[in-house]
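Structure data follow from protein_7.txt (compact mmCIF, C-alpha atoms):
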```txt
# COMPACT_ATOMS: atom_id res chain seq x y z
CA MET M 7 -123.07 -94.37 95.53
CA GLY M 8 -120.58 -91.88 94.19
CA ILE M 9 -120.12 -88.53 92.46
CA ARG M 10 -120.49 -87.32 88.91
CA LEU M 11 -118.78 -84.56 86.97
CA ILE M 12 -121.06 -81.66 86.09
CA SER M 13 -118.59 -79.27 84.47
CA ALA M 14 -114.85 -78.85 83.95
CA ALA M 15 -112.58 -76.15 82.57
CA SER M 16 -108.94 -75.11 82.66
CA HIS M 17 -106.96 -71.90 82.34
CA LEU M 18 -103.47 -71.96 80.86
CA PRO M 19 -101.49 -68.72 80.90
CA LYS M 20 -100.16 -67.31 77.65
CA GLY M 21 -96.50 -67.20 78.67
CA ARG M 22 -94.25 -69.92 77.23
CA LEU M 23 -90.84 -71.27 78.18
CA THR M 24 -89.44 -73.61 75.54
CA ASN M 25 -86.59 -76.07 75.70
CA PHE M 26 -84.62 -73.73 73.46
CA ASP M 27 -85.19 -70.90 75.94
CA LEU M 28 -83.79 -73.12 78.68
CA GLU M 29 -80.74 -73.91 76.59
CA LYS M 30 -79.80 -70.23 77.03
CA MET M 31 -80.34 -70.32 80.81
CA VAL M 32 -78.82 -73.59 82.01
CA GLU M 33 -76.63 -76.42 80.73
CA THR M 34 -79.19 -78.52 78.89
CA SER M 35 -80.58 -79.20 75.43
CA ASP M 36 -83.90 -79.77 73.72
CA GLU M 37 -82.89 -83.36 72.97
CA TRP M 38 -81.81 -84.06 76.56
CA ILE M 39 -85.06 -82.67 78.00
CA GLN M 40 -87.32 -84.50 75.55
CA GLN M 41 -85.56 -87.83 76.13
CA ARG M 42 -85.95 -87.60 79.90
CA THR M 43 -89.32 -85.90 80.29
CA GLY M 44 -91.10 -85.64 76.94
CA LEU M 45 -91.46 -81.89 77.48
CA ILE M 46 -91.23 -79.34 74.67
CA SER M 47 -92.39 -76.16 76.44
CA ARG M 48 -94.09 -74.93 79.62
CA THR M 49 -96.92 -72.48 80.34
CA ILE M 50 -95.71 -69.57 82.47
CA ALA M 51 -98.07 -67.22 84.31
CA GLU M 52 -95.71 -64.21 84.36
CA ASP M 53 -97.82 -61.46 86.03
CA GLU M 54 -100.87 -63.65 86.83
CA THR M 55 -101.31 -64.83 90.42
CA ILE M 56 -102.71 -68.20 91.53
CA THR M 57 -105.86 -66.36 92.64
CA GLU M 58 -106.35 -64.76 89.22
CA MET M 59 -105.80 -68.09 87.47
CA ALA M 60 -108.24 -69.78 89.86
CA ILE M 61 -110.88 -67.17 89.05
CA GLU M 62 -110.41 -67.64 85.30
CA ALA M 63 -110.73 -71.43 85.55
CA GLY M 64 -113.72 -71.15 87.88
CA LYS M 65 -115.56 -68.71 85.63
CA LYS M 66 -115.12 -71.00 82.60
CA CYS M 67 -116.33 -73.98 84.63
CA LEU M 68 -119.52 -72.18 85.75
CA ALA M 69 -120.11 -70.16 82.57
CA ASP M 70 -123.04 -72.13 81.13
CA LEU M 71 -124.73 -73.05 84.39
CA ASN M 72 -127.92 -71.43 85.63
CA GLN M 73 -128.06 -69.51 88.90
CA GLU M 74 -130.08 -72.25 90.58
CA THR M 75 -127.19 -74.70 90.09
CA ILE M 76 -124.58 -72.17 91.20
CA ASP M 77 -126.58 -71.45 94.35
CA LYS M 78 -126.39 -75.16 95.23
CA ILE M 79 -122.57 -75.06 95.41
CA LYS M 80 -122.04 -75.47 99.15
CA ILE M 81 -118.35 -76.36 99.31
CA LEU M 82 -115.36 -74.80 97.55
CA ILE M 83 -111.87 -76.27 97.84
CA VAL M 84 -108.86 -74.58 96.29
CA THR M 85 -105.76 -76.76 95.97
CA SER M 86 -102.36 -75.13 95.64
CA ALA M 87 -98.77 -75.57 96.74
CA SER M 88 -97.52 -72.17 95.58
CA TYR M 89 -98.76 -69.48 97.95
CA LEU M 90 -97.05 -66.10 98.07
CA GLN M 91 -99.31 -64.98 100.95
CA VAL M 92 -100.68 -66.73 104.01
CA VAL M 93 -104.00 -64.86 104.32
CA PRO M 94 -106.53 -64.33 102.95
CA HIS M 95 -106.74 -67.86 101.62
CA VAL M 96 -107.39 -68.19 97.90
CA SER M 97 -110.82 -69.80 98.29
CA ALA M 98 -112.08 -66.80 100.28
CA SER M 99 -110.77 -64.47 97.59
CA ILE M 100 -112.65 -66.16 94.75
CA VAL M 101 -116.12 -66.68 96.28
CA GLU M 102 -117.41 -63.27 95.23
CA PRO M 103 -115.75 -63.13 91.77
CA LEU M 104 -117.31 -66.50 90.93
CA GLY M 105 -120.76 -65.38 92.04
CA LEU M 106 -121.00 -67.99 94.81
CA ASN M 107 -123.17 -67.57 97.89
CA ARG M 108 -121.54 -66.54 101.13
CA ASP M 109 -123.06 -69.50 102.98
CA ILE M 110 -120.38 -71.79 101.59
CA LEU M 111 -117.67 -73.92 103.18
CA ALA M 112 -114.55 -72.55 101.48
CA PHE M 113 -110.96 -73.48 102.28
CA ASP M 114 -107.56 -74.21 100.73
CA LEU M 115 -105.75 -77.54 100.74
CA ASN M 116 -102.06 -78.19 100.18
CA ALA M 117 -100.78 -81.74 99.81
CA GLY M 118 -98.37 -80.96 96.99
CA CYS M 119 -99.08 -82.70 93.71
CA THR M 120 -101.56 -85.04 95.44
CA SER M 121 -103.78 -82.14 96.56
CA TYR M 122 -106.50 -82.61 93.95
CA ILE M 123 -106.97 -86.28 94.86
CA TYR M 124 -107.25 -85.47 98.56
CA ALA M 125 -109.77 -82.73 97.78
CA MET M 126 -111.86 -85.24 95.83
CA ASP M 127 -111.99 -87.53 98.87
CA ILE M 128 -113.35 -84.66 100.97
CA VAL M 129 -115.89 -83.78 98.26
CA GLU M 130 -117.17 -87.35 98.00
CA LYS M 131 -117.75 -87.57 101.74
CA TYR M 132 -119.36 -84.12 101.88
CA LEU M 133 -121.75 -84.73 98.98
CA LYS M 134 -122.84 -88.18 100.05
CA GLU M 135 -126.65 -88.34 100.01
CA THR M 136 -127.14 -84.62 99.39
CA ASP M 137 -128.38 -82.65 96.42
CA ASN M 138 -125.68 -79.98 96.76
CA TYR M 139 -122.69 -79.32 94.52
CA ALA M 140 -118.95 -79.05 95.17
CA LEU M 141 -116.43 -76.95 93.28
CA VAL M 142 -112.75 -77.90 93.30
CA VAL M 143 -110.34 -75.35 91.85
CA ALA M 144 -106.66 -76.23 91.45
CA SER M 145 -104.19 -73.41 90.80
CA ASP M 146 -100.41 -73.46 90.95
CA LYS M 147 -97.63 -71.14 89.86
CA LEU M 148 -94.47 -73.10 90.53
CA SER M 149 -92.45 -70.77 88.30
CA ASP M 150 -92.31 -68.46 91.35
CA TYR M 151 -90.24 -71.11 93.14
CA VAL M 152 -88.06 -72.50 90.36
CA ASP M 153 -84.29 -71.97 90.33
CA TYR M 154 -83.54 -71.53 86.65
CA THR M 155 -79.91 -72.47 87.23
CA ASP M 156 -80.95 -75.95 88.49
CA ARG M 157 -81.55 -78.09 85.42
CA GLY M 158 -83.00 -80.91 87.54
CA THR M 159 -86.10 -78.84 88.40
CA CYS M 160 -86.34 -75.89 86.00
CA ILE M 161 -87.04 -78.15 83.00
CA LEU M 162 -90.14 -79.66 84.62
CA PHE M 163 -92.56 -77.10 85.99
CA GLY M 164 -95.29 -75.02 84.37
CA ASP M 165 -98.20 -72.92 85.63
CA GLY M 166 -101.94 -73.33 85.26
CA ALA M 167 -105.35 -73.80 86.84
CA ALA M 168 -108.42 -75.99 86.43
CA ALA M 169 -111.88 -76.23 87.98
CA THR M 170 -114.30 -79.15 88.29
CA LEU M 171 -117.87 -79.18 89.58
CA TRP M 172 -119.29 -82.34 91.17
CA SER M 173 -122.60 -83.67 92.48
CA TYR M 174 -123.78 -86.83 94.20
CA THR M 175 -125.20 -89.71 92.15
CA GLU M 176 -126.49 -93.21 92.80
CA LYS M 177 -125.44 -94.30 89.31
CA ALA M 178 -121.71 -94.41 90.06
CA GLU M 179 -119.41 -95.80 92.72
CA TYR M 180 -116.41 -94.12 94.31
CA TYR M 181 -113.37 -95.84 95.83
CA SER M 182 -110.09 -94.36 97.01
CA ILE M 183 -106.84 -95.36 98.63
CA ASN M 184 -104.01 -93.15 99.91
CA GLN M 185 -100.50 -93.54 101.21
CA THR M 186 -98.20 -91.05 102.90
CA ILE M 187 -94.52 -91.53 103.64
CA THR M 188 -92.67 -88.88 105.63
CA ASN M 189 -89.65 -88.05 103.52
CA PRO M 190 -89.05 -84.28 103.43
CA ASP M 191 -85.61 -84.64 101.85
CA VAL M 192 -86.86 -85.73 98.41
CA LEU M 193 -89.06 -82.76 97.46
CA TYR M 194 -89.00 -79.60 99.55
CA ARG M 195 -88.68 -75.83 99.53
CA GLU M 196 -85.63 -74.25 101.12
CA GLY M 197 -85.32 -70.49 100.98
CA LYS M 198 -86.92 -69.25 97.76
CA TYR M 199 -86.61 -72.37 95.64
CA VAL M 200 -88.07 -75.85 95.34
CA HIS M 201 -85.52 -78.67 95.45
CA MET M 202 -86.19 -82.19 94.24
CA ASN M 203 -84.41 -85.50 93.96
CA GLY M 204 -86.02 -86.54 90.70
CA ALA M 205 -84.63 -90.08 90.76
CA GLU M 206 -86.20 -90.76 94.17
CA VAL M 207 -89.57 -89.32 93.13
CA PHE M 208 -89.45 -91.52 90.03
CA LYS M 209 -88.68 -94.65 92.09
CA PHE M 210 -91.42 -93.82 94.59
CA ALA M 211 -94.08 -93.29 91.94
CA VAL M 212 -93.19 -96.24 89.71
CA GLY M 213 -92.62 -98.55 92.67
CA THR M 214 -95.76 -97.65 94.63
CA LEU M 215 -98.42 -96.52 92.17
CA PRO M 216 -99.13 -99.85 90.40
CA GLY M 217 -99.78 -101.61 93.71
CA LEU M 218 -102.22 -98.95 94.87
CA ILE M 219 -104.03 -99.05 91.54
CA GLU M 220 -104.44 -102.79 91.97
CA ASP M 221 -105.64 -102.29 95.56
CA VAL M 222 -108.29 -99.70 94.66
CA CYS M 223 -109.51 -101.86 91.77
CA GLU M 224 -109.82 -104.83 94.12
CA LYS M 225 -111.72 -102.60 96.55
CA GLY M 226 -114.14 -101.66 93.76
CA ASP M 227 -114.35 -105.20 92.32
CA VAL M 228 -112.96 -104.08 88.96
CA ASN M 229 -110.17 -105.76 87.01
CA VAL M 230 -107.34 -103.41 86.13
CA GLU M 231 -107.83 -104.52 82.51
CA ASP M 232 -111.39 -103.15 82.66
CA VAL M 233 -110.29 -99.61 83.54
CA ASP M 234 -110.90 -97.51 80.44
CA LEU M 235 -108.72 -94.55 81.31
CA PHE M 236 -105.89 -93.83 83.75
CA LEU M 237 -105.47 -90.10 84.39
CA LEU M 238 -102.17 -89.88 86.22
CA HIS M 239 -100.45 -86.76 87.55
CA GLN M 240 -98.55 -85.28 84.63
CA ALA M 241 -95.17 -85.08 86.34
CA ASN M 242 -93.03 -86.96 83.83
CA GLY M 243 -93.99 -88.91 80.74
CA ARG M 244 -91.53 -91.67 81.64
CA ILE M 245 -93.33 -92.35 84.93
CA ILE M 246 -96.66 -92.78 83.16
CA GLU M 247 -95.13 -94.97 80.46
CA SER M 248 -93.49 -97.16 83.12
CA VAL M 249 -96.83 -97.70 84.92
CA ALA M 250 -98.52 -98.55 81.60
CA ARG M 251 -95.83 -101.14 80.83
CA LYS M 252 -96.25 -102.64 84.29
CA PHE M 253 -99.88 -103.47 83.47
CA ARG M 254 -99.14 -104.31 79.81
CA LEU M 255 -101.98 -102.07 78.68
CA GLU M 256 -102.21 -99.82 75.64
CA ASP M 257 -100.61 -96.39 75.90
CA GLU M 258 -103.93 -94.81 74.85
CA ARG M 259 -105.35 -95.66 78.27
CA PHE M 260 -102.56 -93.65 79.92
CA PRO M 261 -102.72 -90.26 78.18
CA VAL M 262 -99.76 -87.89 78.37
CA ARG M 263 -100.79 -84.37 77.40
CA TYR M 264 -98.37 -82.16 79.30
CA GLN M 265 -95.74 -81.81 76.57
CA ASN M 266 -96.44 -78.10 76.10
CA ILE M 267 -97.70 -77.38 79.62
CA GLY M 268 -95.24 -78.88 82.09
CA ASN M 269 -95.78 -80.31 85.56
CA THR M 270 -98.37 -77.92 87.02
CA SER M 271 -98.62 -79.77 90.37
CA SER M 272 -102.21 -79.97 91.71
CA PRO M 273 -103.97 -78.73 88.50
CA SER M 274 -102.35 -81.39 86.29
CA ILE M 275 -105.10 -84.03 86.71
CA PRO M 276 -108.10 -81.68 86.20
CA ILE M 277 -106.29 -80.03 83.26
CA LEU M 278 -105.91 -83.50 81.77
CA MET M 279 -109.60 -84.15 82.42
CA THR M 280 -110.57 -81.08 80.40
CA GLN M 281 -108.27 -82.21 77.60
CA MET M 282 -109.93 -85.64 77.57
CA LEU M 283 -113.34 -83.95 77.44
CA GLU M 284 -112.25 -81.81 74.50
CA GLU M 285 -111.04 -84.96 72.73
CA ASN M 286 -114.42 -86.63 73.46
CA VAL M 287 -112.68 -89.43 75.37
CA LEU M 288 -113.83 -88.93 78.97
CA GLN M 289 -117.49 -88.99 77.99
CA LYS M 290 -117.10 -92.58 76.76
CA THR M 291 -115.38 -93.79 79.91
CA GLU M 292 -117.08 -96.17 82.31
CA ASN M 293 -114.25 -96.99 84.75
CA LEU M 294 -111.79 -94.20 85.45
CA ILE M 295 -108.64 -94.03 87.59
CA LEU M 296 -107.28 -90.72 88.90
CA ALA M 297 -103.90 -90.79 90.61
CA GLY M 298 -101.67 -88.12 92.13
CA PHE M 299 -98.25 -88.37 93.74
CA GLY M 300 -95.64 -85.99 95.04
CA ALA M 301 -94.33 -84.11 98.04
CA GLY M 302 -94.74 -85.70 101.43
CA LEU M 303 -94.19 -88.20 100.01
CA SER M 304 -97.85 -88.73 99.24
CA LEU M 305 -99.88 -90.76 96.80
CA GLY M 306 -103.62 -91.01 96.23
CA VAL M 307 -105.67 -93.12 93.81
CA ILE M 308 -109.39 -92.85 93.02
CA LEU M 309 -111.58 -95.27 91.09
CA LEU M 310 -114.76 -93.82 89.59
CA LYS M 311 -116.81 -96.84 88.64
CA GLY M 312 -119.99 -97.03 86.63
CA ASN M 313 -121.61 -95.33 83.70
CA GLY M 314 -123.44 -92.08 84.36
CA GLN M 315 -120.95 -90.06 86.39
CA TYR M 316 -119.78 -88.01 83.42
CA VAL M 317 -122.76 -85.75 82.80
CA VAL M 318 -120.94 -82.65 81.59
CA LYS M 319 -122.43 -79.33 80.51
```

I'd like the structure from this file rewritten - as structure tokens, please.
Amino acid sequence: MGIRLISAASHLPKGRLTNFDLEKMVETSDEWIQQRTGLISRTIAEDETITEMAIEAGKKCLADLNQETIDKIKILIVTSASYLQVVPHVSASIVEPLGLNRDILAFDLNAGCTSYIYAMDIVEKYLKETDNYALVVASDKLSDYVDYTDRGTCILFGDGAAATLWSYTEKAEYYSINQTITNPDVLYREGKYVHMNGAEVFKFAVGTLPGLIEDVCEKGDVNVEDVDLFLLHQANGRIIESVARKFRLEDERFPVRYQNIGNTSSPSIPILMTQMLEENVLQKTENLILAGFGAGLSLGVILLKGNGQYVVK
């Protein structure tokens, strides 16, 4: 028993911040940034808010669905780590613009870059043995919190949103494993800006993620070698490459598609999912790993096992 993807879409703002733009703002260079992160440019929301980006992603996700399906959406989770207001919460603000019924469980979730994975765990438990649908919308605008004089953080982050719609299915299996370590000194917000010890985040992700991937595969009785696709949080290309080398698997199974987007925090995994759909890769996947990691420190890994869960509009 598990969940299947019904629809997915992303919204990337039109604003761009290139490595050459950053060269004029902070002591760095295009070559230095590309060697350490693989990034070329970042999407920047400028005047768009996280609510507006969430609405755009949600509308694209639901665009081709009939009203009967939309009326069966009974839970809406918005993941974000970049709020400029406390209330109303973003999920409440997008119910009406998306044409959703008022009798819906709608709330926001913030677990940093791991938020989308945690939301998926809630969705799987909520949908179990029901014929309802769940909408997860991830929207972050970290450019509001970036100090563009700090080259350790300003080179990394971009803005964006993505939405995914899920339903219950007996044709797939769902397994997850999570880990949380209290370490607020590695990635935190103080005053206006986000501060990060990039080296510690790198060590945490590379040192912890492979073991949890092995654990969730053992839980689902799947060999790591039989996982078709690993969709990892797009925080840094070097982290993903290091995990791929650990398992001695082909780079194609560990896609890196954030080169012109940046680290968007919680939307990075669903944005990557939409990219894999557009490349006609996700549709051919039988065993799929999703993994997020970040502030907390937190890490979550999901195994979607079995053909049939990727029935996309």

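Counting all atoms listed in the file and comparing M:Leu309, M:Val222, M:Ala60, M:Leu162, the residue that lies closest to Leu23 (chain M) is M:Leu162.
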
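Here CA of Glu176 (chain M) stands at a distance of 28.9 Å from CA of Glu258 (chain M).
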
Query raised in the report: CA of Pro216 (chain M) and CA of Ile246 (chain M) are how many Å apart?
Result: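 Atom-to-atom, CA of Pro216 (chain M) to CA of Ile246 (chain M), that is 10.4 Å.
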
Query raised in the report: Nearest to Val96 (chain M) among M:Glu292, M:Gly164, M:Arg157, M:Asp114, with distances taken over only C-alpha atoms: which residue is it?
Result: M:Asp114

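Here CA of Val249 (chain M) stands at a distance of 18.9 Å from CA of Leu310 (chain M).
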
Query raised in the report: Which residues come within 10 Å of region 97-112 of chain M, counting all atoms listed in the file, excluding same-chain residues fewer than 3 positions away, as number ranges by chain?
Result: M: 57-58, 60-69, 73, 76-85, 93-94, 115, 140-143

Go ahead and dump the residues you just picked, C-alpha atoms, as a tab-separated table (two decimals), in the coordinates of the input.
```tsv
chain	number	residue	atom	x	y	z
M	57	THR	CA	-105.86	-66.36	92.64
M	58	GLU	CA	-106.35	-64.76	89.22
M	60	ALA	CA	-108.24	-69.78	89.86
M	61	ILE	CA	-110.88	-67.17	89.05
M	62	GLU	CA	-110.41	-67.64	85.30
M	63	ALA	CA	-110.73	-71.43	85.55
M	64	GLY	CA	-113.72	-71.15	87.88
M	65	LYS	CA	-115.56	-68.71	85.63
M	66	LYS	CA	-115.12	-71.00	82.60
M	67	CYS	CA	-116.33	-73.98	84.63
M	68	LEU	CA	-119.52	-72.18	85.75
M	69	ALA	CA	-120.11	-70.16	82.57
M	73	GLN	CA	-128.06	-69.51	88.90
M	76	ILE	CA	-124.58	-72.17	91.20
M	77	ASP	CA	-126.58	-71.45	94.35
M	78	LYS	CA	-126.39	-75.16	95.23
M	79	ILE	CA	-122.57	-75.06	95.41
M	80	LYS	CA	-122.04	-75.47	99.15
M	81	ILE	CA	-118.35	-76.36	99.31
M	82	LEU	CA	-115.36	-74.80	97.55
M	83	ILE	CA	-111.87	-76.27	97.84
M	84	VAL	CA	-108.86	-74.58	96.29
M	85	THR	CA	-105.76	-76.76	95.97
M	93	VAL	CA	-104.00	-64.86	104.32
M	94	PRO	CA	-106.53	-64.33	102.95
M	115	LEU	CA	-105.75	-77.54	100.74
M	140	ALA	CA	-118.95	-79.05	95.17
M	141	LEU	CA	-116.43	-76.95	93.28
M	142	VAL	CA	-112.75	-77.90	93.30
M	143	VAL	CA	-110.34	-75.35	91.85
```

**Report entry** Pick from M:Gly8, M:Gly312, M:Gly44, M:Gly268, whichever lies nearest to Glu247 (chain M) using only C-alpha atoms
**Finding:**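 Checking each of M:Gly8, M:Gly312, M:Gly44, M:Gly268 against Glu247 (chain M), counting only C-alpha atoms, the winner is M:Gly44.
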
Counting all atoms listed in the file, which residues sit no farther than 8 Å from the position (-106.0, -96.4, 85.1) in the file's frame? I'd like them as a PDB file with C-alpha atoms, in the frame of the given file.
```pdb
ATOM      1  CA  ILE M 219    -104.030 -99.050  91.540  1.00  0.00           C
ATOM      2  CA  VAL M 230    -107.340-103.410  86.130  1.00  0.00           C
ATOM      3  CA  VAL M 233    -110.290 -99.610  83.540  1.00  0.00           C
ATOM      4  CA  ASP M 234    -110.900 -97.510  80.440  1.00  0.00           C
ATOM      5  CA  LEU M 235    -108.720 -94.550  81.310  1.00  0.00           C
ATOM      6  CA  PHE M 236    -105.890 -93.830  83.750  1.00  0.00           C
ATOM      7  CA  LEU M 237    -105.470 -90.100  84.390  1.00  0.00           C
ATOM      8  CA  LEU M 238    -102.170 -89.880  86.220  1.00  0.00           C
ATOM      9  CA  ARG M 259    -105.350 -95.660  78.270  1.00  0.00           C
ATOM     10  CA  PHE M 260    -102.560 -93.650  79.920  1.00  0.00           C
ATOM     11  CA  LEU M 294    -111.790 -94.200  85.450  1.00  0.00           C
ATOM     12  CA  ILE M 295    -108.640 -94.030  87.590  1.00  0.00           C
ATOM     13  CA  LEU M 296    -107.280 -90.720  88.900  1.00  0.00           C
TER      14      LEU M 296
END
```

Requested in this report: Find the residues with any atom within 12 Å of (-119.9, -84.6, 100.8); use all atoms listed in the file and the coordinates as given in the file, and write the answer as number ranges by chain.
Outcome: M: 7-9, 79-83, 111, 125-141, 172-175

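For the residues M:Thr280, M:Ser274, M:Asn184, M:Thr214, ranking by smallest atom-to-atom distance to Asp146 (chain M) using all atoms listed in the file places M:Ser274 first.
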
**Report entry** Spatial neighbours of Ala51 (chain M), 9 Å, all atoms listed in the file, chain gap at least 2 places, as a ChimeraX atom specification
**Finding:** /M:18-22,49,53-56,59,147,149,164-166

Query raised in the report: In terms of the shortest atom-to-atom distance over all atoms listed in the file, which of M:Leu28, M:Ile245, M:Val92, M:Ile187 is closest to Phe208 (chain M)?
Result: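 Distance minimum relative to Phe208 (chain M) lands on M:Ile245.
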
Report summary line: From the list M:Ser121, M:Gln240, M:Thr186, M:Ser304, the nearest residue to Ser272 (chain M) using only C-alpha atoms is M:Ser121

How big is the axis-aligned box around all listed atoms of region 214-228 of chain M once 8 Å goes on each side, and where's its centre, in Å to one decimal, as lines of an AutoDock Vina configuration file?
```
center_x = -105.1
center_y = -100.9
center_z = 92.8
size_x = 34.6
size_y = 24.7
size_z = 23.6
```

**Report entry** Residue neighbourhood Gly204 (chain M), 9 Å, only C-alpha atoms, exclusion window fewer than 5 positions, as a ChimeraX atom specification
**Finding:** /M:158-159,192-193,209

Could you dump the residues just selected with C-alpha atoms as a short mmCIF file (atom, residue, chain, number, x, y, z; two decimals), in the frame of the given file?
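Writing done, so here's part.cif:
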```
data_model
loop_
_atom_site.label_atom_id
_atom_site.label_comp_id
_atom_site.auth_asym_id
_atom_site.auth_seq_id
_atom_site.Cartn_x
_atom_site.Cartn_y
_atom_site.Cartn_z
CA GLY M 158 -83.00 -80.91 87.54
CA THR M 159 -86.10 -78.84 88.40
CA VAL M 192 -86.86 -85.73 98.41
CA LEU M 193 -89.06 -82.76 97.46
CA LYS M 209 -88.68 -94.65 92.09
#
```
